$ cat structure13.txt   # compact mmCIF, C-alpha atoms
# COMPACT_ATOMS: atom_id res chain seq x y z
CA MET A 1 0.00 0.00 0.00
CA ALA A 2 1.22 3.47 -0.83
CA PHE A 3 0.31 7.17 -0.61
CA ALA A 4 0.09 9.90 -3.23
CA THR A 5 -0.31 13.61 -2.53
CA VAL A 6 -3.22 14.86 -4.63
CA GLY A 7 -4.39 18.41 -4.04
CA ASP A 8 -4.75 18.98 -0.30
CA ILE A 9 -4.75 15.32 0.82
CA ASP A 10 -2.60 12.20 0.85
CA ILE A 11 -4.52 9.39 -0.83
CA HIS A 12 -3.91 5.88 0.41
CA TYR A 13 -4.01 3.38 -2.46
CA ASP A 14 -2.98 -0.09 -3.56
CA LEU A 15 -2.02 -0.94 -7.13
CA THR A 16 -1.81 -4.71 -7.57
CA ASP A 17 -0.33 -6.12 -10.75
CA PHE A 18 0.20 -9.81 -11.47
CA THR A 19 -0.11 -9.42 -15.23
CA ASP A 20 2.60 -10.55 -17.64
CA PRO A 21 5.20 -7.76 -17.68
CA TRP A 22 5.76 -8.06 -21.43
CA GLN A 23 2.11 -7.31 -22.20
CA GLU A 24 0.32 -3.99 -21.80
CA SER A 25 -2.52 -4.40 -19.33
CA GLU A 26 -5.64 -2.35 -18.62
CA VAL A 27 -6.48 -0.98 -15.18
CA VAL A 28 -9.53 -1.73 -13.08
CA LEU A 29 -10.21 1.05 -10.55
CA LEU A 30 -12.25 -0.18 -7.57
CA HIS A 31 -13.90 2.74 -5.74
CA HIS A 32 -15.69 2.00 -2.46
CA GLY A 33 -18.76 3.73 -1.08
CA PHE A 34 -18.94 6.23 1.78
CA ALA A 35 -17.31 5.21 5.09
CA ARG A 36 -15.60 2.14 3.64
CA ASN A 37 -11.97 1.55 2.64
CA VAL A 38 -9.75 -0.43 0.25
CA ASP A 39 -10.39 -3.65 2.17
CA PHE A 40 -13.98 -3.67 0.89
CA TRP A 41 -12.60 -4.85 -2.48
CA ARG A 42 -9.99 -7.30 -1.16
CA PRO A 43 -11.87 -10.49 -2.18
CA TRP A 44 -11.92 -9.33 -5.82
CA VAL A 45 -8.23 -8.53 -6.17
CA PRO A 46 -7.09 -12.15 -6.76
CA LEU A 47 -9.85 -12.60 -9.33
CA LEU A 48 -8.84 -9.54 -11.33
CA ALA A 49 -5.09 -9.03 -10.80
CA ARG A 50 -3.90 -11.77 -13.15
CA ARG A 51 -5.54 -10.06 -16.16
CA TYR A 52 -5.64 -6.40 -15.01
CA ARG A 53 -3.72 -3.96 -12.87
CA VAL A 54 -6.09 -3.36 -9.95
CA LEU A 55 -6.20 0.09 -8.36
CA ARG A 56 -7.98 0.49 -5.03
CA LEU A 57 -8.06 3.77 -3.13
CA ASP A 58 -9.34 5.06 0.18
CA SER A 59 -11.48 8.02 -0.80
CA ARG A 60 -11.29 11.41 0.92
CA GLY A 61 -11.74 11.05 4.69
CA CYS A 62 -11.92 7.23 4.59
CA GLY A 63 -9.47 4.53 5.60
CA LYS A 64 -5.89 5.81 5.72
CA THR A 65 -6.47 8.76 3.37
CA THR A 66 -6.23 12.21 4.95
CA VAL A 67 -9.27 13.19 6.99
CA PRO A 68 -10.08 16.84 6.26
CA PRO A 69 -10.42 19.13 9.30
CA PRO A 70 -13.86 19.67 10.86
CA GLY A 71 -15.99 22.01 8.77
CA ALA A 72 -13.94 21.47 5.60
CA PRO A 73 -15.98 21.10 2.41
CA TYR A 74 -16.64 17.59 1.14
CA THR A 75 -17.98 17.73 -2.41
CA LEU A 76 -18.47 15.46 -5.38
CA GLU A 77 -16.13 17.69 -7.39
CA MET A 78 -13.39 17.15 -4.80
CA MET A 79 -13.84 13.36 -4.90
CA VAL A 80 -13.72 13.41 -8.70
CA ALA A 81 -10.55 15.51 -8.60
CA ASP A 82 -9.04 13.09 -6.06
CA ALA A 83 -9.63 10.04 -8.27
CA LEU A 84 -8.46 11.72 -11.47
CA GLY A 85 -5.47 13.19 -9.64
CA LEU A 86 -4.46 9.75 -8.42
CA MET A 87 -4.83 8.32 -11.93
CA ASP A 88 -2.65 11.15 -13.27
CA HIS A 89 -0.08 10.64 -10.50
CA LEU A 90 0.19 6.97 -11.48
CA GLY A 91 0.24 7.68 -15.23
CA ILE A 92 -3.06 5.90 -15.83
CA GLY A 93 -5.06 7.25 -18.76
CA LYS A 94 -8.16 5.01 -18.87
CA VAL A 95 -9.78 2.61 -16.44
CA HIS A 96 -12.55 0.09 -16.05
CA TRP A 97 -14.27 1.87 -13.12
CA ALA A 98 -16.02 -0.51 -10.74
CA ALA A 99 -17.73 1.03 -7.76
CA GLU A 100 -20.06 0.43 -4.87
CA ALA A 101 -22.66 2.94 -3.65
CA SER A 102 -21.32 6.53 -3.62
CA GLY A 103 -18.14 5.43 -5.41
CA GLY A 104 -20.39 4.80 -8.40
CA ILE A 105 -21.77 8.32 -8.20
CA VAL A 106 -18.20 9.62 -8.36
CA GLY A 107 -17.57 7.35 -11.33
CA LEU A 108 -20.72 8.49 -13.10
CA ASP A 109 -19.66 12.13 -12.70
CA VAL A 110 -16.21 11.33 -14.08
CA ALA A 111 -17.81 9.44 -17.00
CA LEU A 112 -20.05 12.36 -17.87
CA ARG A 113 -17.30 15.00 -17.63
CA HIS A 114 -14.27 12.95 -18.75
CA PRO A 115 -15.50 10.03 -20.91
CA GLN A 116 -12.04 9.67 -22.45
CA ARG A 117 -10.80 8.34 -19.07
CA PHE A 118 -13.07 5.28 -19.19
CA VAL A 119 -13.14 1.88 -20.77
CA GLU A 120 -16.39 1.20 -18.89
CA LEU A 121 -18.25 2.07 -15.68
CA GLN A 122 -19.60 -0.75 -13.51
CA ARG A 123 -21.82 0.07 -10.51
CA THR A 124 -22.46 -2.59 -7.92
CA LEU A 125 -25.51 -1.48 -6.01
CA GLY A 126 -27.43 -4.67 -5.33
CA ASP A 127 -31.11 -3.94 -5.87
CA VAL A 128 -30.74 -0.15 -5.98
CA ASP A 129 -31.59 1.63 -9.22
CA LEU A 130 -30.98 5.36 -9.32
CA GLY A 131 -33.19 5.83 -12.37
CA ILE A 132 -30.31 6.40 -14.77
CA ASP A 133 -31.73 6.72 -18.27
CA ILE A 134 -31.20 3.62 -20.44
CA HIS A 135 -29.54 5.73 -23.16
CA VAL A 136 -27.00 7.09 -20.66
CA ARG A 137 -26.39 3.53 -19.43
CA GLN A 138 -25.75 2.33 -22.97
CA GLN A 139 -23.52 5.26 -23.93
CA PHE A 140 -21.28 4.88 -20.88
CA GLN A 141 -21.67 1.09 -20.56
CA ILE A 142 -23.18 1.37 -17.08
CA ARG A 143 -24.45 -1.81 -15.47
CA ILE A 144 -26.33 -1.51 -12.21
CA GLY A 145 -26.63 -4.43 -9.83
CA GLU A 146 -27.07 -7.39 -12.14
CA PHE A 147 -24.94 -9.05 -14.78
CA ASP A 148 -25.57 -7.48 -18.14
CA ALA A 149 -26.55 -10.21 -20.59
CA GLN A 150 -26.59 -7.85 -23.57
CA PRO A 151 -23.49 -7.91 -25.75
CA ARG A 152 -21.63 -4.58 -25.68
CA SER A 153 -18.75 -5.09 -28.06
CA ALA A 154 -16.10 -7.56 -29.04
CA GLY A 155 -13.97 -6.26 -26.17
CA VAL A 156 -13.78 -7.20 -22.52
CA ALA A 157 -16.44 -6.53 -19.88
CA ILE A 158 -16.04 -6.89 -16.14
CA ASP A 159 -19.20 -7.70 -14.22
CA LEU A 160 -19.32 -7.39 -10.43
CA ARG A 161 -22.33 -8.02 -8.25
CA ILE A 162 -22.98 -7.64 -4.54
CA ASP A 163 -26.09 -9.10 -2.98
CA HIS A 164 -26.52 -7.05 0.19
CA ARG A 165 -29.03 -9.54 1.62
CA ASP A 166 -26.51 -12.33 2.06
CA ARG A 167 -23.31 -10.29 1.46
CA SER A 168 -22.28 -12.54 -1.42
CA ARG A 169 -19.99 -11.17 -4.09
CA GLN A 170 -19.55 -12.34 -7.66
CA CYS A 171 -17.08 -11.39 -10.33
CA ALA A 172 -16.96 -12.35 -13.98
CA ILE A 173 -14.66 -11.26 -16.75
CA ARG A 174 -16.29 -11.65 -20.13
CA GLU A 175 -14.40 -11.50 -23.40
CA GLY A 176 -16.15 -11.20 -26.74
CA ALA A 177 -19.66 -10.22 -27.67
CA GLY A 178 -21.78 -12.76 -25.83
CA PRO A 179 -22.63 -13.57 -22.22
CA ASP A 180 -21.36 -17.12 -22.77
CA ARG A 181 -17.73 -15.99 -23.06
CA TYR A 182 -16.86 -15.81 -19.34
CA LEU A 183 -13.18 -16.23 -18.64
CA LEU A 184 -13.38 -16.02 -14.88
CA ALA A 185 -16.23 -16.18 -12.43
CA ASP A 186 -16.54 -16.55 -8.69
$ encode --input "structure13.txt" --output "structure tokens"
Amino acid sequence: MAFATVGDIDIHYDLTDFTDPWQESEVVLLHHGFARNVDFWRPWVPLLARRYRVLRLDSRGCGKTTVPPPGAPYTLEMMVADALGLMDHLGIGKVHWAAEASGGIVGLDVALRHPQRFVELQRTLGDVDLGIDIHVRQQFQIRIGEFDAQPRSAGVAIDLRIDHRDRSRQCAIREGAGPDRYLLAD
């Protein structure tokens, strides 16, 4: 685990990479929800790190990242700047953004303002649906809660699901255009 100074805080993060060093690999950014930390995503790291570099961060005021002083502003814009600043610090241009709860809201804001920084946005919200328009979901490849059985492209899709009722977690990496092309599932 490491720290990067971004703006007015030190962001605690972990970048795990077990990919083949002679191949260029994409990055999966795992952003937790409010009042959680990098350990929320720990069970998924072994599932993803062989094929992707996996970036987990403690967001502003959470985990080991700097806690702003009492009364300091805490805004969506600041959280977006924190994530993008960390990506810039690490030289990461584009990510598969996977997020839980408010981490997905941060990701959605980044996707709308900086779509060039995304391969895809994956929200894991269980049964919660924020009413995001289907056209916005399709444009930014947003999947909420359930595995997306619709083919997106001939590329790679990462599907994560949390069932908050029994706290189960599932991960699948799909390559190709169909839902039958899972490379890894747990």
$ atom_distance --input "structure13.txt" --atom1 "atom CA of Arg51 of chain A" --atom2 "atom CA of Leu112 of chain A"
26.8 Å
$ closest_residue --input "structure13.txt" --among "A:Gly71, A:Gly85, A:Gly63, A:Gly103" --to "Arg117 of chain A" --atoms "all atoms listed in the file"
A:Gly85
$ atom_distance --input "structure13.txt" --atom1 "atom CA of Phe18 of chain A" --atom2 "atom CA of Phe34 of chain A"
28.3 Å
$ closest_residue --input "structure13.txt" --among "A:Pro73, A:Gly93, A:Pro21, A:Gly7" --to "Pro115 of chain A" --atoms "all atoms listed in the file"
A:Gly93
$ closest_residue --input "structure13.txt" --among "A:Thr65, A:Ser59, A:Thr19, A:Ser25" --to "Val95 of chain A" --atoms "all atoms listed in the file"
A:Ser25
$ atom_distance --input "structure13.txt" --atom1 "atom CA of Arg113 of chain A" --atom2 "atom CA of Val28 of chain A"
19.0 Å
$ residues_around --input "structure13.txt" --residues "Val54 of chain A" --least-positions-apart "2" --cutoff "8 Å" --atoms "all atoms listed in the file" --output "PyMOL selection string"
chain A and resi 14-17+27-30+45+48-49+52+56
